[in-house]
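Raw data.cif, mmCIF, C-alpha atoms:
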```
data_upload
loop_
_atom_site.label_atom_id
_atom_site.label_comp_id
_atom_site.auth_asym_id
_atom_site.auth_seq_id
_atom_site.Cartn_x
_atom_site.Cartn_y
_atom_site.Cartn_z
CA MET T 23 14.80 -30.24 21.74
CA SER T 24 15.29 -33.70 23.24
CA PRO T 25 17.43 -36.13 21.21
CA PHE T 26 15.37 -39.09 22.42
CA THR T 27 13.01 -40.74 19.94
CA GLY T 28 10.11 -43.14 20.13
CA SER T 29 8.88 -45.60 17.54
CA ALA T 30 8.72 -43.20 14.60
CA THR T 31 11.33 -43.75 11.93
CA ARG T 32 13.37 -41.08 10.18
CA THR T 33 11.58 -39.48 7.24
CA GLU T 34 13.39 -40.44 4.04
CA ARG T 35 11.50 -38.20 1.63
CA TRP T 36 9.91 -34.81 2.13
CA ARG T 37 7.13 -34.03 -0.33
CA HIS T 38 6.90 -30.28 0.13
CA LEU T 39 10.53 -29.18 0.24
CA ARG T 40 14.03 -30.27 -0.75
CA LEU T 41 16.63 -31.30 1.81
CA THR T 42 20.35 -31.89 1.35
CA VAL T 43 22.91 -32.41 4.10
CA ASP T 44 26.64 -31.99 3.56
CA ALA T 45 29.40 -31.76 6.17
CA GLY T 46 26.97 -30.83 8.94
CA VAL T 47 25.12 -28.19 6.90
CA ALA T 48 21.49 -28.86 6.02
CA THR T 49 20.05 -26.94 3.08
CA VAL T 50 16.25 -26.71 3.04
CA THR T 51 14.76 -25.32 -0.15
CA LEU T 52 11.14 -24.27 -0.60
CA ALA T 53 10.50 -25.71 -4.04
CA ARG T 54 7.37 -24.30 -5.69
CA PRO T 55 9.03 -21.78 -8.00
CA GLU T 56 5.95 -21.53 -10.23
CA LYS T 57 4.07 -20.14 -7.17
CA LEU T 58 6.98 -18.12 -5.74
CA ASN T 59 7.29 -20.91 -3.17
CA ALA T 60 3.88 -20.18 -1.66
CA LEU T 61 3.29 -22.31 1.41
CA THR T 62 0.65 -25.02 1.68
CA PHE T 63 -0.65 -26.93 4.68
CA GLY T 64 1.77 -29.71 3.78
CA ALA T 65 4.74 -27.33 3.50
CA TYR T 66 4.11 -25.94 6.99
CA ALA T 67 3.81 -29.46 8.40
CA ASP T 68 6.96 -30.63 6.64
CA LEU T 69 8.96 -27.69 7.97
CA ARG T 70 7.69 -28.32 11.50
CA ASP T 71 8.49 -32.03 11.36
CA LEU T 72 11.82 -31.67 9.57
CA LEU T 73 13.17 -29.19 12.11
CA GLY T 74 12.14 -31.55 14.89
CA GLU T 75 13.90 -34.51 13.27
CA LEU T 76 17.10 -32.61 12.56
CA SER T 77 17.14 -31.28 16.12
CA ARG T 78 16.86 -34.77 17.57
CA GLU T 79 19.49 -36.31 15.30
CA ARG T 80 22.13 -33.77 16.36
CA SER T 81 24.15 -34.38 13.17
CA VAL T 82 23.31 -30.98 11.67
CA ARG T 83 25.37 -28.04 12.91
CA ALA T 84 23.86 -25.28 10.73
CA LEU T 85 20.91 -24.92 8.39
CA VAL T 86 20.32 -22.77 5.30
CA LEU T 87 16.70 -21.98 4.41
CA GLY T 88 16.14 -20.70 0.87
CA GLY T 89 13.67 -20.59 -1.96
CA ASP T 90 13.84 -21.90 -5.51
CA GLY T 91 13.35 -19.67 -8.55
CA ARG T 92 12.63 -15.94 -8.49
CA GLY T 93 12.02 -15.42 -4.79
CA PHE T 94 12.32 -16.68 -1.24
CA CYS T 95 8.66 -17.23 -0.31
CA SER T 96 5.48 -15.33 -1.17
CA GLY T 97 3.64 -16.50 1.96
CA GLY T 98 0.58 -18.70 2.27
CA ASP T 99 -0.94 -19.92 -0.99
CA VAL T 100 -4.04 -17.80 -1.64
CA ASP T 101 -6.06 -20.65 -3.14
CA GLU T 102 -4.81 -23.61 -1.12
CA ILE T 103 -4.76 -21.91 2.28
CA ILE T 104 -6.75 -18.67 2.33
CA GLY T 105 -9.52 -20.15 0.23
CA ALA T 106 -9.61 -23.33 2.32
CA THR T 107 -9.66 -21.51 5.66
CA LEU T 108 -12.92 -19.79 4.73
CA ALA T 109 -14.62 -23.18 5.00
CA MET T 110 -13.01 -24.19 8.33
CA ASP T 111 -14.62 -24.05 11.73
CA THR T 112 -12.93 -22.37 14.70
CA GLY T 113 -11.31 -25.56 15.96
CA ALA T 114 -9.69 -26.32 12.59
CA LEU T 115 -8.56 -22.71 12.22
CA LEU T 116 -6.95 -22.82 15.66
CA ASP T 117 -5.14 -26.06 14.73
CA PHE T 118 -3.80 -24.47 11.55
CA ASN T 119 -2.63 -21.27 13.22
CA ARG T 120 -0.99 -23.23 16.02
CA MET T 121 0.87 -25.27 13.40
CA THR T 122 2.29 -22.17 11.72
CA GLY T 123 3.46 -20.96 15.12
CA GLN T 124 5.07 -24.33 15.78
CA VAL T 125 7.23 -23.79 12.69
CA VAL T 126 8.48 -20.47 14.06
CA ARG T 127 9.13 -22.00 17.48
CA ALA T 128 11.05 -24.83 15.85
CA LEU T 129 13.24 -22.33 13.99
CA ARG T 130 13.97 -20.47 17.23
CA GLU T 131 14.39 -23.55 19.42
CA CYS T 132 16.41 -25.87 17.17
CA PRO T 133 19.94 -26.31 18.59
CA PHE T 134 21.76 -25.08 15.49
CA PRO T 135 21.98 -21.69 13.76
CA VAL T 136 19.55 -21.06 10.89
CA VAL T 137 20.60 -18.84 7.99
CA ALA T 138 17.86 -17.53 5.68
CA ALA T 139 19.07 -16.89 2.12
CA VAL T 140 16.69 -14.23 0.82
CA HIS T 141 16.33 -13.09 -2.76
CA GLY T 142 13.25 -11.58 -4.35
CA VAL T 143 10.06 -11.59 -2.35
CA ALA T 144 9.77 -12.63 1.29
CA ALA T 145 6.13 -11.85 2.01
CA GLY T 146 3.59 -12.75 4.66
CA ALA T 147 4.56 -16.05 6.24
CA GLY T 148 7.71 -16.00 4.11
CA ALA T 149 8.82 -12.80 5.82
CA VAL T 150 8.21 -14.36 9.22
CA LEU T 151 10.21 -17.48 8.32
CA ALA T 152 13.14 -15.22 7.42
CA LEU T 153 12.58 -13.19 10.59
CA ALA T 154 12.69 -16.33 12.74
CA ALA T 155 16.10 -17.33 11.36
CA ASP T 156 19.23 -16.41 13.30
CA PHE T 157 20.80 -14.72 10.26
CA ARG T 158 19.24 -13.18 7.17
CA VAL T 159 21.58 -13.00 4.17
CA ALA T 160 19.96 -11.05 1.35
CA ASP T 161 20.84 -9.80 -2.10
CA PRO T 162 19.72 -6.42 -3.57
CA THR T 163 16.53 -7.94 -5.03
CA ALA T 164 15.20 -8.90 -1.59
CA ARG T 165 12.05 -7.24 -0.34
CA PHE T 166 10.19 -8.03 2.85
CA ALA T 167 6.46 -7.48 3.36
CA PHE T 168 4.39 -8.47 6.38
CA LEU T 169 1.08 -8.56 4.54
CA PHE T 170 -1.31 -9.90 7.18
CA THR T 171 -3.35 -6.70 7.63
CA LYS T 172 -3.69 -6.52 3.83
CA VAL T 173 -5.92 -9.61 3.99
CA GLY T 174 -7.85 -8.40 7.03
CA LEU T 175 -5.88 -10.26 9.69
CA SER T 176 -3.72 -9.15 12.60
CA GLY T 177 -0.17 -8.16 11.75
CA GLY T 178 0.91 -10.19 14.77
CA ASP T 179 0.84 -13.53 12.98
CA MET T 180 3.18 -16.48 13.67
CA GLY T 181 5.01 -14.57 16.40
CA ALA T 182 5.77 -11.54 14.20
CA ALA T 183 4.63 -9.06 16.89
CA TYR T 184 7.03 -10.73 19.32
CA LEU T 185 10.07 -11.12 17.05
CA LEU T 186 10.02 -8.06 14.81
CA PRO T 187 10.22 -5.34 17.52
CA ARG T 188 13.19 -7.20 18.99
CA VAL T 189 14.98 -7.14 15.64
CA VAL T 190 14.15 -3.67 14.28
CA GLY T 191 12.61 -1.83 17.25
CA LEU T 192 8.99 -1.05 18.11
CA GLY T 193 8.65 1.94 15.79
CA HIS T 194 9.75 0.16 12.63
CA ALA T 195 7.85 -2.98 13.64
CA THR T 196 4.63 -1.02 14.12
CA ARG T 197 4.95 0.51 10.66
CA LEU T 198 5.78 -2.80 8.95
CA LEU T 199 3.09 -4.85 10.69
CA MET T 200 0.35 -2.20 10.53
CA LEU T 201 0.76 -1.00 6.95
CA GLY T 202 2.13 -4.16 5.34
CA GLU T 203 4.19 -2.13 2.92
CA PRO T 204 7.19 -3.80 1.24
CA VAL T 205 10.67 -2.96 2.49
CA ALA T 206 13.43 -3.17 -0.11
CA ALA T 207 16.89 -4.49 0.70
CA PRO T 208 18.62 -1.13 1.37
CA GLU T 209 16.06 -0.06 3.98
CA ALA T 210 15.85 -3.57 5.42
CA GLU T 211 19.60 -3.49 6.00
CA ARG T 212 19.43 0.02 7.49
CA ILE T 213 16.86 -0.97 10.11
CA GLY T 214 18.59 -4.23 10.98
CA LEU T 215 16.30 -6.71 9.26
CA ILE T 216 19.16 -7.96 7.08
CA SER T 217 22.17 -9.45 8.84
CA GLN T 218 24.48 -9.65 5.83
CA SER T 219 24.27 -8.34 2.27
CA ALA T 220 25.27 -10.33 -0.80
CA ASP T 221 25.77 -9.48 -4.45
CA GLU T 222 22.77 -10.03 -6.71
CA GLY T 223 22.14 -13.71 -7.26
CA GLN T 224 24.66 -14.67 -4.56
CA ALA T 225 22.50 -14.85 -1.43
CA GLY T 226 22.45 -18.64 -1.48
CA LEU T 227 26.23 -18.91 -1.84
CA ALA T 228 26.86 -16.31 0.86
CA ALA T 229 24.41 -18.03 3.21
CA ALA T 230 26.08 -21.39 2.54
CA ALA T 231 29.50 -19.91 3.30
CA LEU T 232 28.22 -18.52 6.60
CA ALA T 233 26.58 -21.85 7.44
CA ARG T 234 29.83 -23.71 6.77
CA ARG T 235 31.68 -21.31 9.05
CA LEU T 236 29.10 -21.93 11.76
CA ALA T 237 29.17 -25.70 11.22
CA GLU T 238 32.94 -25.73 11.68
CA GLY T 239 32.74 -23.78 14.93
CA PRO T 240 31.90 -24.69 18.54
CA ALA T 241 28.42 -26.12 18.04
CA LEU T 242 27.62 -26.48 21.74
CA ALA T 243 28.54 -22.87 22.41
CA TYR T 244 26.43 -21.71 19.47
CA ALA T 245 23.46 -23.80 20.60
CA GLN T 246 23.57 -22.36 24.12
CA THR T 247 24.05 -18.81 22.84
CA LYS T 248 20.96 -19.20 20.65
CA ALA T 249 18.98 -20.65 23.55
CA LEU T 250 19.97 -17.76 25.84
CA LEU T 251 19.17 -15.12 23.23
CA THR T 252 15.65 -16.51 22.96
CA ALA T 253 15.08 -17.25 26.65
CA GLU T 254 16.41 -13.96 28.01
CA LEU T 255 14.26 -11.70 25.84
CA ASP T 256 11.63 -11.66 28.58
CA MET T 257 13.82 -12.06 31.68
CA PRO T 258 14.83 -9.45 34.23
CA LEU T 259 18.57 -8.85 34.52
CA ALA T 260 18.95 -10.86 37.73
CA ALA T 261 17.42 -13.96 36.16
CA SER T 262 19.48 -13.48 32.99
CA VAL T 263 22.84 -13.28 34.73
CA GLU T 264 21.97 -16.30 36.86
CA LEU T 265 21.05 -18.32 33.76
CA ASP T 266 24.28 -17.13 32.10
CA ALA T 267 26.27 -18.29 35.13
CA ALA T 268 24.66 -21.74 35.16
CA THR T 269 25.19 -22.12 31.40
CA GLN T 270 28.84 -21.12 31.58
CA ALA T 271 29.46 -23.50 34.47
CA LEU T 272 28.08 -26.37 32.37
CA LEU T 273 30.08 -25.37 29.28
CA MET T 274 33.27 -25.12 31.33
CA ASN T 275 32.92 -28.88 31.81
CA SER T 276 32.63 -29.47 28.07
CA ALA T 277 35.18 -31.12 25.81
CA ASP T 278 35.19 -28.05 23.59
CA TYR T 279 36.27 -25.78 26.43
CA ALA T 280 39.18 -28.09 27.24
CA GLU T 281 39.99 -28.36 23.54
CA PHE T 282 40.31 -24.59 23.24
CA HIS T 283 42.87 -24.52 26.04
CA ALA T 284 44.83 -27.41 24.52
CA ALA T 285 44.80 -25.77 21.10
CA PHE T 286 45.85 -22.41 22.52
CA THR T 287 48.67 -24.01 24.50
CA HIS T 288 49.99 -25.89 21.47
CA ARG T 289 49.34 -23.01 19.08
CA ARG T 290 47.00 -24.91 16.78
CA THR T 291 43.45 -24.51 15.52
CA PRO T 292 40.80 -26.02 17.86
CA LYS T 293 39.08 -29.20 16.70
CA TRP T 294 35.54 -28.55 17.91
CA GLN T 295 33.52 -31.64 18.81
CA GLY T 296 30.24 -30.06 19.81
CA ARG T 297 30.21 -31.73 23.21
#
```

I need this file expressed as C-alpha cells, please.
Amino acid sequence: MSPFTGSATRTERWRHLRLTVDAGVATVTLARPEKLNALTFGAYADLRDLLGELSRERSVRALVLGGDGRGFCSGGDVDEIIGATLAMDTGALLDFNRMTGQVVRALRECPFPVVAAVHGVAAGAGAVLALAADFRVADPTARFAFLFTKVGLSGGDMGAAYLLPRVVGLGHATRLLMLGEPVAAPEAERIGLISQSADEGQAGLAAAALARRLAEGPALAYAQTKALLTAELDMPLAASVELDAATQALLMNSADYAEFHAAFTHRRTPKWQGR
C-alpha cells in the first residue's frame, strides 16, 4: 500500500475496536465480548480503514488481531447484519460484500505480518479473518467454523474459497466450506490451519511474543516475503522466479542487507532498519 496520503487526517479514535501500539507492534482487539465479538457494518469498515492507515504510516512492523472475552469472533452479527441485509437492494448488498472482501485484502496486502490470536470461537467471518492472517496462534479452546452454507450462502465468502485450499488443501477446504462443521484445535493444527499452539488462555501472550519477534526482525524482507507469497499463488514458475529475482535485486540495495554483512563481519547482532 502506498505511504502517500491526501487531505484526510489520522483517525484518533476507533469506535468499533481497540487499538494499542507499542514498540512497532499494533494490537487490534475486537471488543464486543457480550456478543462474542460479532461484527457489525462499522466493525468491518473500521478494520478496513485501520489497516489502510497503519500500512501508510509505516511505523507498525507487526500486528496482533484478537478478540475480547470468551472467543475470537463469532462472525457477522445476526441481528445487525443478517437482519439488515434482508431489506437491502442488490446494489447495497454488493457494496457490503465488497467491503468485507476489502478487509481480507487489506490483511493480505498490508506490509507487515499479521498474527491472529485465537481462543474460543472463530466462526463465519471470524474464521476468515483468522485465515487471512499470516500466522494463527491458537489455544486448546479454539474452534473454527466456516458457517456460510449454514445460513444459505456460498461457502466461498470473503475470499475463503481462494485462501482456505491454499492453507489446508482442496479436500479439507471442500469439507469445511461445504458442511460448515466446527473444527476443534487439535484437528485444526493437524490440517495446518493453526500455525502455532499455545497453552489455554495464553494465545494472546504467545501471539504478542511472536509479533515482537517479527517487529524486531528485517521488516523490509518480511514485507516482500509476504507480498511474494500472495502474488505468486497464481503465477507460473517462470513468472515467479523472475519476480523473485527482481525483488532480491532491489533488496540487495537495501540498508538492511548491508547491515547484515556489517554485523556478520563484526560478530554482532544486526540492527534492522526496515529500509

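Distance check against Val159 in chain T using all atoms listed in the file: of T:Gly88, T:Pro204, T:Gly178, T:Gly97, the minimum falls on T:Gly88.
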
### Task
Return the single residue from T:Asn59, T:Thr42, T:Ser276, T:Ser219 that is closest to Leu85 in chain T, with distances computed using only C-alpha atoms.
T:Thr42

### Task
Could you tell me how far CA of Asp90 in chain T lies from CA of Thr171 in chain T, in Å and to one decimal?
26.4 Å

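Applied to the shown file, the PyMOL selection byres ((chain T and resi 54) around 9) selects the residues His38, Leu39, Leu52, Ala53, Pro55, Glu56, Lys57, Leu58, Asn59, Ala60, Leu61, Gly89, Asp90, Gly91 and Cys95 of chain T.
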
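Closest approach to Glu131 in chain T among T:Leu273, T:Leu215, T:Ala149, T:Ala245: T:Ala245, based on only C-alpha atoms.
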
Output as a Markdown table one row per residue of range 176-244 of chain T within 8 Å of range 136-142 of chain T: the closest atom pair and its distance in Å to one decimal place, counting all atoms listed in the file, sorted by chain and residue number ascending.
```
| residue | atom | partner | partner_atom | distance |
| --- | --- | --- | --- | --- |
| T:Gly223 | CA | T:His141 | CA | 7.4 |
| T:Ala225 | CA | T:Ala139 | CA | 5.3 |
| T:Gly226 | CA | T:Ala139 | CA | 5.2 |
| T:Ala228 | CA | T:Ala139 | CA | 7.9 |
| T:Ala229 | CA | T:Ala139 | CA | 5.6 |
| T:Leu232 | CA | T:Val137 | CA | 7.8 |
| T:Ala233 | CA | T:Val137 | CA | 6.7 |
```

#### Entry: Among listed residues T:Thr33, T:Ile213, T:Ala231, T:Met200, nearest Val86 in chain T (using only C-alpha atoms)
T:Ala231

### Query
Given the file above and the PyMOL selection byres ((chain T and resi 282) around 12), which residues are selected, and can you give them as a list in words?
Gly239, Pro240, Ala243, Leu273, Met274, Ser276, Ala277, Asp278, Tyr279, Ala280, Glu281, His283, Ala284, Ala285, Phe286, Thr287, His288, Arg289, Arg290, Thr291, Pro292, Lys293, Trp294, Gln295 and Gly296 of chain T

### Task
With the file shown as input, list the residues that the PyMOL selection byres ((chain T and resi 252) around 12) selects, as number ranges by chain.
T: 127-133, 154-156, 184-185, 188-189, 245-251, 253-257, 262

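Proximity to Gly98 in chain T was assessed for T:Ala164, T:Leu151, T:Val50, T:Ala84 counting all atoms listed in the file; the smallest distance is recorded for T:Leu151.
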
### Message
Nearest residue to Tyr244 in chain T out of T:Asp44, T:Ala106, T:Arg297, T:Lys172, using all atoms listed in the file?
### Response
T:Arg297

#### Entry: Long-range neighbours of range 63-76 of chain T as a PyMOL selection string, 8 Å cut-off, all atoms listed in the file, 3 positions minimum in chain
chain T and resi 23+32+36-39+79-82+102-103+118+121-122+124-125+128-129+132

Kindly save the residues from that selection, with C-alpha atoms included, as a PDB file, in the frame of the given file.
```pdb
ATOM      1  CA  MET T  23      14.800 -30.240  21.740  1.00  0.00           C
ATOM      2  CA  ARG T  32      13.370 -41.080  10.180  1.00  0.00           C
ATOM      3  CA  TRP T  36       9.910 -34.810   2.130  1.00  0.00           C
ATOM      4  CA  ARG T  37       7.130 -34.030  -0.330  1.00  0.00           C
ATOM      5  CA  HIS T  38       6.900 -30.280   0.130  1.00  0.00           C
ATOM      6  CA  LEU T  39      10.530 -29.180   0.240  1.00  0.00           C
ATOM      7  CA  GLU T  79      19.490 -36.310  15.300  1.00  0.00           C
ATOM      8  CA  ARG T  80      22.130 -33.770  16.360  1.00  0.00           C
ATOM      9  CA  SER T  81      24.150 -34.380  13.170  1.00  0.00           C
ATOM     10  CA  VAL T  82      23.310 -30.980  11.670  1.00  0.00           C
ATOM     11  CA  GLU T 102      -4.810 -23.610  -1.120  1.00  0.00           C
ATOM     12  CA  ILE T 103      -4.760 -21.910   2.280  1.00  0.00           C
ATOM     13  CA  PHE T 118      -3.800 -24.470  11.550  1.00  0.00           C
ATOM     14  CA  MET T 121       0.870 -25.270  13.400  1.00  0.00           C
ATOM     15  CA  THR T 122       2.290 -22.170  11.720  1.00  0.00           C
ATOM     16  CA  GLN T 124       5.070 -24.330  15.780  1.00  0.00           C
ATOM     17  CA  VAL T 125       7.230 -23.790  12.690  1.00  0.00           C
ATOM     18  CA  ALA T 128      11.050 -24.830  15.850  1.00  0.00           C
ATOM     19  CA  LEU T 129      13.240 -22.330  13.990  1.00  0.00           C
ATOM     20  CA  CYS T 132      16.410 -25.870  17.170  1.00  0.00           C
TER      21      CYS T 132
END
```

Repair of range 217-233 of chain T at the level of N, CA, C and O atoms, as a PDB file, in the coordinates of the input:
```
ATOM      1  N   SER T 217      20.943  -9.249   8.084  1.00  0.00           N
ATOM      2  CA  SER T 217      22.170  -9.450   8.840  1.00  0.00           C
ATOM      3  C   SER T 217      23.411  -9.260   7.983  1.00  0.00           C
ATOM      4  O   SER T 217      24.440  -8.769   8.452  1.00  0.00           O
ATOM      5  N   GLN T 218      23.322  -9.690   6.724  1.00  0.00           N
ATOM      6  CA  GLN T 218      24.480  -9.650   5.830  1.00  0.00           C
ATOM      7  C   GLN T 218      23.993  -9.457   4.402  1.00  0.00           C
ATOM      8  O   GLN T 218      23.050 -10.130   3.967  1.00  0.00           O
ATOM      9  N   SER T 219      24.624  -8.568   3.667  1.00  0.00           N
ATOM     10  CA  SER T 219      24.270  -8.340   2.270  1.00  0.00           C
ATOM     11  C   SER T 219      25.126  -9.216   1.362  1.00  0.00           C
ATOM     12  O   SER T 219      26.266  -9.566   1.683  1.00  0.00           O
ATOM     13  N   ALA T 220      24.563  -9.550   0.204  1.00  0.00           N
ATOM     14  CA  ALA T 220      25.270 -10.330  -0.800  1.00  0.00           C
ATOM     15  C   ALA T 220      25.066  -9.678  -2.158  1.00  0.00           C
ATOM     16  O   ALA T 220      24.114  -8.910  -2.357  1.00  0.00           O
ATOM     17  N   ASP T 221      25.955  -9.962  -3.094  1.00  0.00           N
ATOM     18  CA  ASP T 221      25.770  -9.480  -4.450  1.00  0.00           C
ATOM     19  C   ASP T 221      24.528 -10.129  -5.061  1.00  0.00           C
ATOM     20  O   ASP T 221      24.083 -11.198  -4.627  1.00  0.00           O
ATOM     21  N   GLU T 222      23.978  -9.501  -6.085  1.00  0.00           N
ATOM     22  CA  GLU T 222      22.770 -10.030  -6.710  1.00  0.00           C
ATOM     23  C   GLU T 222      23.003 -11.461  -7.208  1.00  0.00           C
ATOM     24  O   GLU T 222      23.998 -11.747  -7.863  1.00  0.00           O
ATOM     25  N   GLY T 223      22.064 -12.316  -6.863  1.00  0.00           N
ATOM     26  CA  GLY T 223      22.140 -13.710  -7.260  1.00  0.00           C
ATOM     27  C   GLY T 223      23.065 -14.551  -6.395  1.00  0.00           C
ATOM     28  O   GLY T 223      23.219 -15.759  -6.654  1.00  0.00           O
ATOM     29  N   GLN T 224      23.673 -13.952  -5.367  1.00  0.00           N
ATOM     30  CA  GLN T 224      24.660 -14.670  -4.560  1.00  0.00           C
ATOM     31  C   GLN T 224      24.203 -14.922  -3.124  1.00  0.00           C
ATOM     32  O   GLN T 224      25.003 -15.356  -2.294  1.00  0.00           O
ATOM     33  N   ALA T 225      22.948 -14.676  -2.806  1.00  0.00           N
ATOM     34  CA  ALA T 225      22.500 -14.850  -1.430  1.00  0.00           C
ATOM     35  C   ALA T 225      22.657 -16.290  -0.968  1.00  0.00           C
ATOM     36  O   ALA T 225      23.077 -16.554   0.163  1.00  0.00           O
ATOM     37  N   GLY T 226      22.327 -17.236  -1.842  1.00  0.00           N
ATOM     38  CA  GLY T 226      22.450 -18.640  -1.480  1.00  0.00           C
ATOM     39  C   GLY T 226      23.889 -19.036  -1.193  1.00  0.00           C
ATOM     40  O   GLY T 226      24.171 -19.741  -0.215  1.00  0.00           O
ATOM     41  N   LEU T 227      24.821 -18.580  -2.037  1.00  0.00           N
ATOM     42  CA  LEU T 227      26.230 -18.910  -1.840  1.00  0.00           C
ATOM     43  C   LEU T 227      26.774 -18.254  -0.574  1.00  0.00           C
ATOM     44  O   LEU T 227      27.537 -18.879   0.177  1.00  0.00           O
ATOM     45  N   ALA T 228      26.387 -16.998  -0.339  1.00  0.00           N
ATOM     46  CA  ALA T 228      26.860 -16.310   0.860  1.00  0.00           C
ATOM     47  C   ALA T 228      26.287 -16.952   2.125  1.00  0.00           C
ATOM     48  O   ALA T 228      26.988 -17.100   3.134  1.00  0.00           O
ATOM     49  N   ALA T 229      25.018 -17.359   2.062  1.00  0.00           N
ATOM     50  CA  ALA T 229      24.410 -18.030   3.210  1.00  0.00           C
ATOM     51  C   ALA T 229      25.081 -19.371   3.463  1.00  0.00           C
ATOM     52  O   ALA T 229      25.313 -19.759   4.617  1.00  0.00           O
ATOM     53  N   ALA T 230      25.407 -20.101   2.387  1.00  0.00           N
ATOM     54  CA  ALA T 230      26.080 -21.390   2.540  1.00  0.00           C
ATOM     55  C   ALA T 230      27.462 -21.221   3.149  1.00  0.00           C
ATOM     56  O   ALA T 230      27.892 -22.023   3.991  1.00  0.00           O
ATOM     57  N   ALA T 231      28.174 -20.162   2.738  1.00  0.00           N
ATOM     58  CA  ALA T 231      29.500 -19.910   3.300  1.00  0.00           C
ATOM     59  C   ALA T 231      29.404 -19.604   4.799  1.00  0.00           C
ATOM     60  O   ALA T 231      30.215 -20.093   5.602  1.00  0.00           O
ATOM     61  N   LEU T 232      28.411 -18.811   5.182  1.00  0.00           N
ATOM     62  CA  LEU T 232      28.220 -18.520   6.600  1.00  0.00           C
ATOM     63  C   LEU T 232      27.849 -19.788   7.362  1.00  0.00           C
ATOM     64  O   LEU T 232      28.358 -20.038   8.466  1.00  0.00           O
ATOM     65  N   ALA T 233      26.979 -20.604   6.780  1.00  0.00           N
ATOM     66  CA  ALA T 233      26.580 -21.850   7.440  1.00  0.00           C
ATOM     67  C   ALA T 233      27.768 -22.784   7.622  1.00  0.00           C
ATOM     68  O   ALA T 233      27.898 -23.441   8.662  1.00  0.00           O
TER      69      ALA T 233
END
```
